[in-house]
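See structure below.
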Amino acid sequence: MHPGALKALEFDRIVDAVARLAQTPPGAEALASLQPQTDAHEVRAALAATAETTRFLSGPGEIALRAPADLDAILAAFAVEGRALEPLHLLALATFVASIDATATGIRRARASFPLLGAVVEPIASFEREIADIRRKIDPAGDVVDDASPELKAVRERLRKQRSRLRGTLESYLRGKDTAKYLQQQVVTDRNGRYVLVVRAEHRSAIPGIVHGSSASGASLFLEPLSTVEINNDIVALEQQEAQEVRRILLALTDALRRRAADLQRTIDAATTLDVLQAKARYSLAIDGIAPVIAQDGRLELRGARHPLLIAASGHPASGGASERATSEPRDGSGGGGAAGERAGAAGGAKPPGSHDVVPVDILLIPPTRVLVITGPNTGGKTVALKTAGLLPMMAQAGLLVPAADGSQVPVLRTVFADIGDEQSIAENLSTFSAHIANIVSMDGSLAPPSLVLLDEAGTGTDPNEGGALAMAIIDHFRRRGALLIATTHFDALKSYASTTEGVISAGFGFNPQTFAPTYRLHYGSPGSSLALEIATRLGLPASIIEQARTHRSERETQLAEHLAKIEREMQRIEHERRLVAREREIVEQTQARLHAREQELRDREETFRKRLDQRLDERLREARREIDAVVDALKARTSSIAAEADRRAARLVPTGDIGSARADARTALDAVIGKVRQHADGSPSPSAAPSAGPSRPAAVGDRVAVGPLGLEGVVQGVHDGTADVDVRGKRLRARLDELRVIAAASTASSPSRVRVNVEMQPRAAASSELNVIGATSDEAVTRVERFLDDADMADLRSVRIIHGYGTGQLRRSIAELLRAHASVANFGPAPDNQGGGGVTVVELKA
């Protein structure tokens, strides 16, 4: 990359901002040399790693590397074989390595969601034992503790005793009447590592001892009494032993790490990579950045782009995520408006004076368009947009997320050139125009596609006519060489060139037609007006000068200015109408959503009503079954009573009249129950009131018949001795011929006929001996258990299991209540402990 271009785009300020977020000296050093990459694969990998780190930091993850500021000096000392690190350096290194291990552990725990970070921490080794040893032997203040070794503990114990003995001896001189009068001060001090008394010079011989020096005035002598010389000698020797033992301990701790120097280096290298990633991610979060797509067709499509330095100046990123920012430019680069900048609180390509919000701008160079000419008033945002267009691709190629909207795409550029600002140089005898031309010559010689060329006020610094012609030629030259090019201009010739040349598009920054204040919104397909006189008026230039300037303009220039102003007003009107249409569309979509919600609510209510109706029908059917069971039980009881009466009379034959009467009563009762069920279901008359299907005749083999008062349908399989065998849904039962009503003769039994069933029973699949009702409501469970028992009875099952779980016990109680009243249940109870215990009920059915 061209260094001058990166500086003009202020890429170095971005690097400084990211480097300040580093947590380690090696990380800060690596970030300080951050440069855009030119390999597409490396760029994608860098963006993916930064995006993943951003997700990690935005969630529950944390990267906290507690590196000491003098880490480089510590590592330099560590590299010297046989050199022991200072206690505080050992503690700092242990703290740093422990923070690396803690960070790696957190990342490994979430590795499934963050595979790239997981790969970074893979080489990180654990130094748990070495760290524990350092922290056990060195206290937080940096002192080696007594328990660091038995030898050190013994030496320090002897030192304490000797110092206590010395202190007692010296204090005896301070307290003694015979010696205290010779002392200059009542203190014990240290001189050259020896404990001494401060004696008056004139009493030098009063206390025998060794003089270790005198005060500056000579009035005091530092005297070591002869009685303490031996003790002092012992203390000095013990202190030397202590120092030697401390150095041995520190060297052992240092060597424990030094023996794993390769592991330590890999760990620190991985920590440096983590530090670089976390700094990039934190900066990306601060500017609300997104990972742009690497374009395959060389397009530069920045939607809702914002200059990161303006975001930092505003003090906050845009409100809402990047995915929420609206964009409206057409993706073919042929027109449209910058509605992304209309929302309050948006941040982007230019910052209104006195405002804390930055307006986003769309930079679109979508093939076949390769050249964008930006026009508009001064202070309207042209230069900021130009810098944004060059800076954001450089940030992406350096692995940084960019402040733009989702859907943005950038190419991987090999060269970027920027001619921005006044490059005149007195030392090199270059005028403004000459400096611009020299810069363009340098660009042409170094151009290597894919490349981006940024020209601010192309062709300025000379005659406007010649400058405009030269600017057109320069832009066309770079376009033919395949470069992407963005230029800002005030030249009418360039505006016409952009409107008439294939592959070139113009866009103008808008302004308020009433106040002529810039709106900082870029309108594609609109050649913006420079508004030099209007801007000068806003900046306070006297009105007389402005009026005189208007008289100097040619008629053609006046007409052109009026025409451009008219176009701007039309663009404003169209934009206003577009916003109104968008608002109407939003209202329509909201109305449709409400209608859909209302429709769904009605469907839900209908479904709820249907379920309630089904529940009421099921409840009525259960009641009917209970009444039928009662009728059957009464019939059995009456028959048993008749049989018992016959036994008492010693007559084994039961009077047929009594039995017939009992059956007739039971049939009447059953017909009444069926009639109530039918009336409850559809209001149809009861079976007893239904007219006869036709003349009655005895059933024959093959006839479809209705059996008994319940009207169960079946086909006659055989007839003998006044009874018939009937197949009812695969079950064979025997009934008397007078209880059968022929529905269809044998020849038409297979043809469709109107079914006269009073209580519909749906055919069941193969019966199961187990039913699971966990999760069902009590009413649902009772209904399912009732059907389950019917199926089991039809399948001749004699023992079944109902799984209801423990829970609150409500399901178990409701099912038990049903089982107690069910006619087919002989008994029931909880399953054995090894088969479910109280969570399962075992039911025995009657034979």
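By convention in this document, the chains of the structure tokens carry letters A, B, ... by their order, each chain's residues are numbered from 1, and ligands are numbered from 1 in the order they are shown.
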Contacts of A:Pro36 at 10 Å (only C-alpha atoms; same-chain gap of 5+ positions) as number ranges by chain: A: 1, 6, 11, 43, 393-400, 412-414
I need the chosen residues saved as a tab-separated table (two decimals), in the first residue's frame, with N, CA and C atoms.
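Done, and the output landed in part_29.tsv:
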chain	number	residue	atom	x	y	z
A	1	MET	N	0.83	-1.19	0.00
A	1	MET	CA	0.00	0.00	0.00
A	1	MET	C	0.87	1.25	0.00
A	6	LEU	N	-2.20	5.97	2.82
A	6	LEU	CA	-2.66	5.55	4.15
A	6	LEU	C	-2.65	6.72	5.12
A	11	PHE	N	-5.27	6.35	8.22
A	11	PHE	CA	-5.25	4.96	8.68
A	11	PHE	C	-4.38	4.84	9.92
A	43	VAL	N	-7.44	-11.96	4.19
A	43	VAL	CA	-8.40	-10.93	4.61
A	43	VAL	C	-9.66	-11.59	5.16
A	393	PRO	N	-12.25	0.14	3.20
A	393	PRO	CA	-11.62	-1.06	2.63
A	393	PRO	C	-10.27	-1.37	3.27
A	394	MET	N	-9.49	-0.32	3.62
A	394	MET	CA	-8.20	-0.55	4.28
A	394	MET	C	-8.40	-1.19	5.66
A	395	MET	N	-9.39	-0.73	6.39
A	395	MET	CA	-9.69	-1.32	7.69
A	395	MET	C	-10.07	-2.80	7.54
A	396	ALA	N	-10.92	-3.08	6.55
A	396	ALA	CA	-11.34	-4.46	6.33
A	396	ALA	C	-10.14	-5.33	5.99
A	397	GLN	N	-9.23	-4.83	5.15
A	397	GLN	CA	-8.05	-5.62	4.77
A	397	GLN	C	-7.07	-5.77	5.92
A	398	ALA	N	-7.20	-4.95	6.96
A	398	ALA	CA	-6.39	-5.10	8.16
A	398	ALA	C	-7.09	-5.97	9.21
A	399	GLY	N	-8.24	-6.53	8.88
A	399	GLY	CA	-8.95	-7.41	9.80
A	399	GLY	C	-9.85	-6.68	10.78
A	400	LEU	N	-10.18	-5.42	10.50
A	400	LEU	CA	-11.08	-4.67	11.37
A	400	LEU	C	-12.48	-4.64	10.77
A	412	VAL	N	-10.69	-6.66	-2.45
A	412	VAL	CA	-9.34	-6.70	-1.86
A	412	VAL	C	-8.42	-5.96	-2.82
A	413	LEU	N	-7.96	-4.79	-2.40
A	413	LEU	CA	-7.19	-3.89	-3.26
A	413	LEU	C	-5.69	-4.13	-3.08
A	414	ARG	N	-4.97	-4.08	-4.19
A	414	ARG	CA	-3.51	-4.18	-4.12
A	414	ARG	C	-2.88	-2.80	-3.90
Contacts of stretch 772-774 of chain A at 6 Å (only C-alpha atoms; same-chain gap of 3+ positions) as a list in words: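 Using only C-alpha atoms, the neighbours found are Ala781, Ile803 and His804 of chain A.
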Quick one: write out the picked residues with all heavy atoms as a short mmCIF file (atom, residue, chain, number, x, y, z; two decimals), in the first residue's frame?
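Once written, result12.cif looks like this:
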data_model
loop_
_atom_site.label_atom_id
_atom_site.label_comp_id
_atom_site.auth_asym_id
_atom_site.auth_seq_id
_atom_site.Cartn_x
_atom_site.Cartn_y
_atom_site.Cartn_z
N ALA A 781 -57.04 -36.84 29.54
CA ALA A 781 -56.59 -38.15 30.00
C ALA A 781 -57.77 -39.09 30.21
O ALA A 781 -57.72 -40.27 29.83
CB ALA A 781 -55.79 -37.99 31.30
N ILE A 803 -49.85 -45.12 32.20
CA ILE A 803 -48.72 -44.35 32.74
C ILE A 803 -49.18 -42.89 32.88
O ILE A 803 -49.49 -42.24 31.89
CB ILE A 803 -47.50 -44.44 31.80
CG1 ILE A 803 -47.11 -45.91 31.59
CG2 ILE A 803 -46.33 -43.63 32.34
CD1 ILE A 803 -46.04 -46.11 30.54
N HIS A 804 -49.21 -42.41 34.11
CA HIS A 804 -49.65 -41.03 34.35
C HIS A 804 -48.61 -40.21 35.12
O HIS A 804 -48.75 -38.99 35.26
CB HIS A 804 -50.97 -41.02 35.13
CG HIS A 804 -50.99 -41.98 36.28
ND1 HIS A 804 -50.23 -41.81 37.41
CD2 HIS A 804 -51.67 -43.15 36.43
CE1 HIS A 804 -50.44 -42.83 38.23
NE2 HIS A 804 -51.31 -43.67 37.67
#
Distance query stretch 206-208 of chain A at most 10 Å, only C-alpha atoms, self and fewer than 5 positions along chain excluded, as a PyMOL selection string: chain A and resi 173+178-179+181-183+197+199-200+223-227
Option closest in space to A:Ile124, from A:Val276, A:Gln184, A:Leu264, A:Ala219 [counting only C-alpha atoms]: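 Checking each of A:Val276, A:Gln184, A:Leu264, A:Ala219 against A:Ile124, counting only C-alpha atoms, the winner is A:Leu264.
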Spatial neighbours of stretch 88-97 of chain A, 6 Å, only C-alpha atoms, chain gap at least 3 places, as a short mmCIF file (atom, residue, chain, number, x, y, z; two decimals) with all heavy atoms, in the first residue's frame:
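Okay, this is what ended up in around01.cif:
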data_model
loop_
_atom_site.label_atom_id
_atom_site.label_comp_id
_atom_site.auth_asym_id
_atom_site.auth_seq_id
_atom_site.Cartn_x
_atom_site.Cartn_y
_atom_site.Cartn_z
N ARG A 66 -3.41 -10.06 32.01
CA ARG A 66 -2.81 -9.16 33.00
C ARG A 66 -1.30 -9.18 32.85
O ARG A 66 -0.57 -9.76 33.66
CB ARG A 66 -3.26 -9.58 34.40
CG ARG A 66 -4.77 -9.55 34.59
CD ARG A 66 -5.18 -10.16 35.91
NE ARG A 66 -4.60 -9.45 37.04
CZ ARG A 66 -4.69 -9.87 38.29
NH1 ARG A 66 -5.33 -11.00 38.56
NH2 ARG A 66 -4.14 -9.18 39.26
N ALA A 67 -0.83 -8.53 31.80
CA ALA A 67 0.61 -8.50 31.53
C ALA A 67 1.25 -7.32 32.24
O ALA A 67 0.69 -6.22 32.26
CB ALA A 67 0.85 -8.41 30.03
N ILE A 100 -3.57 -15.88 31.21
CA ILE A 100 -3.65 -16.55 29.90
C ILE A 100 -4.39 -17.86 30.03
O ILE A 100 -5.28 -18.19 29.23
CB ILE A 100 -2.24 -16.78 29.32
CG1 ILE A 100 -1.52 -15.44 29.08
CG2 ILE A 100 -2.32 -17.57 28.01
CD1 ILE A 100 -0.07 -15.59 28.67
N ILE A 131 3.04 -21.91 38.85
CA ILE A 131 2.42 -20.70 39.40
C ILE A 131 2.13 -20.88 40.89
O ILE A 131 2.39 -19.98 41.71
CB ILE A 131 1.14 -20.38 38.62
CG1 ILE A 131 1.47 -19.97 37.19
CG2 ILE A 131 0.35 -19.27 39.31
CD1 ILE A 131 0.27 -19.87 36.29
N GLY A 142 6.36 -9.25 47.51
CA GLY A 142 7.60 -9.57 46.81
C GLY A 142 8.67 -10.14 47.71
O GLY A 142 9.84 -10.23 47.29
#
Residue neighbourhood A:Pro26, 8 Å, only C-alpha atoms, exclusion window fewer than 2 positions, as a PyMOL selection string: chain A and resi 24+28-30+72+272
Near-A:Thr501 list (12 Å; only C-alpha atoms; drop same-chain fewer than 4 positions) as a ChimeraX atom specification: /A:368-373,472,475-476,479,493-497,505-506
Quick one: write out the picked residues with all heavy atoms as a compact mmCIF listing (two decimals), in the first residue's frame?
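Okay, this is what ended up in again-v4.txt:
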# COMPACT_ATOMS: atom_id res chain seq x y z
N PRO A 368 -21.37 -2.32 -14.07
CA PRO A 368 -20.21 -1.84 -14.83
C PRO A 368 -19.71 -0.46 -14.42
O PRO A 368 -18.79 0.07 -15.04
CB PRO A 368 -20.77 -1.80 -16.26
CG PRO A 368 -22.22 -1.49 -16.07
CD PRO A 368 -22.64 -2.20 -14.82
N THR A 369 -20.30 0.15 -13.39
CA THR A 369 -19.83 1.47 -12.95
C THR A 369 -18.50 1.32 -12.22
O THR A 369 -18.38 0.53 -11.28
CB THR A 369 -20.87 2.11 -12.01
OG1 THR A 369 -22.10 2.26 -12.71
CG2 THR A 369 -20.39 3.47 -11.54
N ARG A 370 -17.50 2.11 -12.65
CA ARG A 370 -16.18 2.06 -12.03
C ARG A 370 -15.71 3.44 -11.55
O ARG A 370 -14.67 3.55 -10.90
CB ARG A 370 -15.14 1.47 -12.98
CG ARG A 370 -15.47 0.08 -13.47
CD ARG A 370 -14.28 -0.56 -14.17
NE ARG A 370 -13.20 -0.80 -13.23
CZ ARG A 370 -13.13 -1.87 -12.42
NH1 ARG A 370 -14.10 -2.77 -12.43
NH2 ARG A 370 -12.11 -2.00 -11.59
N VAL A 371 -16.45 4.50 -11.94
CA VAL A 371 -16.05 5.85 -11.57
C VAL A 371 -17.25 6.55 -10.94
O VAL A 371 -18.37 6.50 -11.47
CB VAL A 371 -15.55 6.64 -12.79
CG1 VAL A 371 -15.24 8.09 -12.40
CG2 VAL A 371 -14.32 5.98 -13.40
N LEU A 372 -17.02 7.20 -9.79
CA LEU A 372 -18.04 7.98 -9.11
C LEU A 372 -17.53 9.41 -8.99
O LEU A 372 -16.45 9.65 -8.42
CB LEU A 372 -18.33 7.40 -7.72
CG LEU A 372 -19.23 8.23 -6.80
CD1 LEU A 372 -20.62 8.39 -7.41
CD2 LEU A 372 -19.33 7.59 -5.41
N VAL A 373 -18.30 10.37 -9.52
CA VAL A 373 -17.96 11.79 -9.42
C VAL A 373 -18.93 12.41 -8.42
O VAL A 373 -20.15 12.41 -8.64
CB VAL A 373 -18.07 12.49 -10.79
CG1 VAL A 373 -17.81 13.98 -10.63
CG2 VAL A 373 -17.07 11.87 -11.77
N MET A 472 -10.92 15.53 -16.58
CA MET A 472 -11.63 14.51 -17.36
C MET A 472 -10.66 13.51 -17.96
O MET A 472 -10.88 12.29 -17.94
CB MET A 472 -12.45 15.17 -18.47
CG MET A 472 -13.78 15.71 -18.02
SD MET A 472 -14.84 16.13 -19.41
CE MET A 472 -13.92 17.51 -20.10
N ILE A 475 -9.16 11.20 -15.18
CA ILE A 475 -10.15 10.21 -14.72
C ILE A 475 -10.35 9.14 -15.77
O ILE A 475 -10.40 7.94 -15.47
CB ILE A 475 -11.47 10.92 -14.37
CG1 ILE A 475 -11.30 11.79 -13.13
CG2 ILE A 475 -12.59 9.91 -14.16
CD1 ILE A 475 -12.49 12.66 -12.80
N ASP A 476 -10.45 9.56 -17.05
CA ASP A 476 -10.66 8.59 -18.12
C ASP A 476 -9.46 7.66 -18.26
O ASP A 476 -9.61 6.47 -18.56
CB ASP A 476 -10.95 9.32 -19.44
CG ASP A 476 -11.93 8.56 -20.29
OD1 ASP A 476 -12.95 8.11 -19.74
OD2 ASP A 476 -11.66 8.40 -21.50
N ARG A 479 -9.64 5.13 -15.54
CA ARG A 479 -10.76 4.23 -15.79
C ARG A 479 -10.38 3.17 -16.82
O ARG A 479 -10.68 1.98 -16.66
CB ARG A 479 -11.97 5.03 -16.30
CG ARG A 479 -13.20 4.19 -16.60
CD ARG A 479 -14.36 5.06 -17.02
NE ARG A 479 -14.12 5.71 -18.29
CZ ARG A 479 -14.39 5.14 -19.48
NH1 ARG A 479 -14.90 3.93 -19.54
NH2 ARG A 479 -14.16 5.80 -20.60
N ALA A 493 -17.76 20.85 -16.31
CA ALA A 493 -17.33 19.92 -17.35
C ALA A 493 -17.31 18.49 -16.82
O ALA A 493 -17.72 17.54 -17.52
CB ALA A 493 -15.94 20.32 -17.86
N LEU A 494 -16.84 18.30 -15.59
CA LEU A 494 -16.82 16.95 -15.01
C LEU A 494 -18.22 16.46 -14.71
O LEU A 494 -18.50 15.26 -14.82
CB LEU A 494 -15.98 16.96 -13.73
CG LEU A 494 -14.48 16.72 -13.90
CD1 LEU A 494 -13.79 16.70 -12.54
CD2 LEU A 494 -14.21 15.42 -14.63
N LYS A 495 -19.11 17.36 -14.34
CA LYS A 495 -20.50 16.95 -14.10
C LYS A 495 -21.12 16.44 -15.39
O LYS A 495 -21.83 15.42 -15.41
CB LYS A 495 -21.31 18.12 -13.55
CG LYS A 495 -20.83 18.62 -12.19
CD LYS A 495 -21.59 19.86 -11.75
CE LYS A 495 -21.06 20.43 -10.45
NZ LYS A 495 -21.77 21.65 -10.03
N SER A 496 -20.86 17.13 -16.49
CA SER A 496 -21.38 16.69 -17.79
C SER A 496 -20.74 15.38 -18.21
O SER A 496 -21.41 14.48 -18.74
CB SER A 496 -21.11 17.77 -18.85
OG SER A 496 -21.75 18.98 -18.51
N TYR A 497 -19.44 15.26 -17.95
CA TYR A 497 -18.72 14.02 -18.29
C TYR A 497 -19.34 12.84 -17.54
O TYR A 497 -19.55 11.76 -18.11
CB TYR A 497 -17.25 14.19 -17.92
CG TYR A 497 -16.45 12.91 -17.88
CD1 TYR A 497 -15.98 12.32 -19.05
CD2 TYR A 497 -16.16 12.28 -16.66
CE1 TYR A 497 -15.24 11.15 -19.01
CE2 TYR A 497 -15.43 11.11 -16.61
CZ TYR A 497 -14.97 10.55 -17.78
OH TYR A 497 -14.24 9.38 -17.75
N ILE A 505 -20.73 7.50 -12.96
CA ILE A 505 -21.98 7.97 -12.37
C ILE A 505 -21.69 9.17 -11.49
O ILE A 505 -20.61 9.27 -10.90
CB ILE A 505 -22.67 6.85 -11.55
CG1 ILE A 505 -24.07 7.29 -11.10
CG2 ILE A 505 -21.84 6.45 -10.35
CD1 ILE A 505 -24.87 6.17 -10.48
N SER A 506 -22.63 10.09 -11.44
CA SER A 506 -22.48 11.26 -10.59
C SER A 506 -23.41 11.14 -9.39
O SER A 506 -24.45 10.49 -9.44
CB SER A 506 -22.80 12.54 -11.38
OG SER A 506 -24.18 12.54 -11.75
Nearest candidate to A:Thr189 (options A:Leu447, A:Ala669, A:Ala77, A:Leu170; using only C-alpha atoms):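 Counting only C-alpha atoms, the residue closest to A:Thr189 is A:Leu170.
The space between atom CA of A:Arg163 and atom CA of A:Leu85 spans 28.9 Å.
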For A:Ile138: contacts at 10 Å, only C-alpha atoms, fewer than 3 positions along chain excluded, given as an NGL selection string: :A and (87-88 or 90-91 or 133-135 or 141-148 or 249-250)
Picked from stretch 123-212 of chain A by DSSP as alpha helix (DSSP H), as an NGL selection string: :A and (128-137 or 150-175 or 177-180)
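The two atoms in question, atom CA of A:Gly390 and atom CA of A:Thr462, are spaced 26.1 Å apart.
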Nearest to A:Arg13 by atom-to-atom distance, counting only C-alpha atoms, from A:Ala69, A:Leu391, A:Ala125, A:Leu277: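 Checking each of A:Ala69, A:Leu391, A:Ala125, A:Leu277 against A:Arg13, counting only C-alpha atoms, the winner is A:Leu391.
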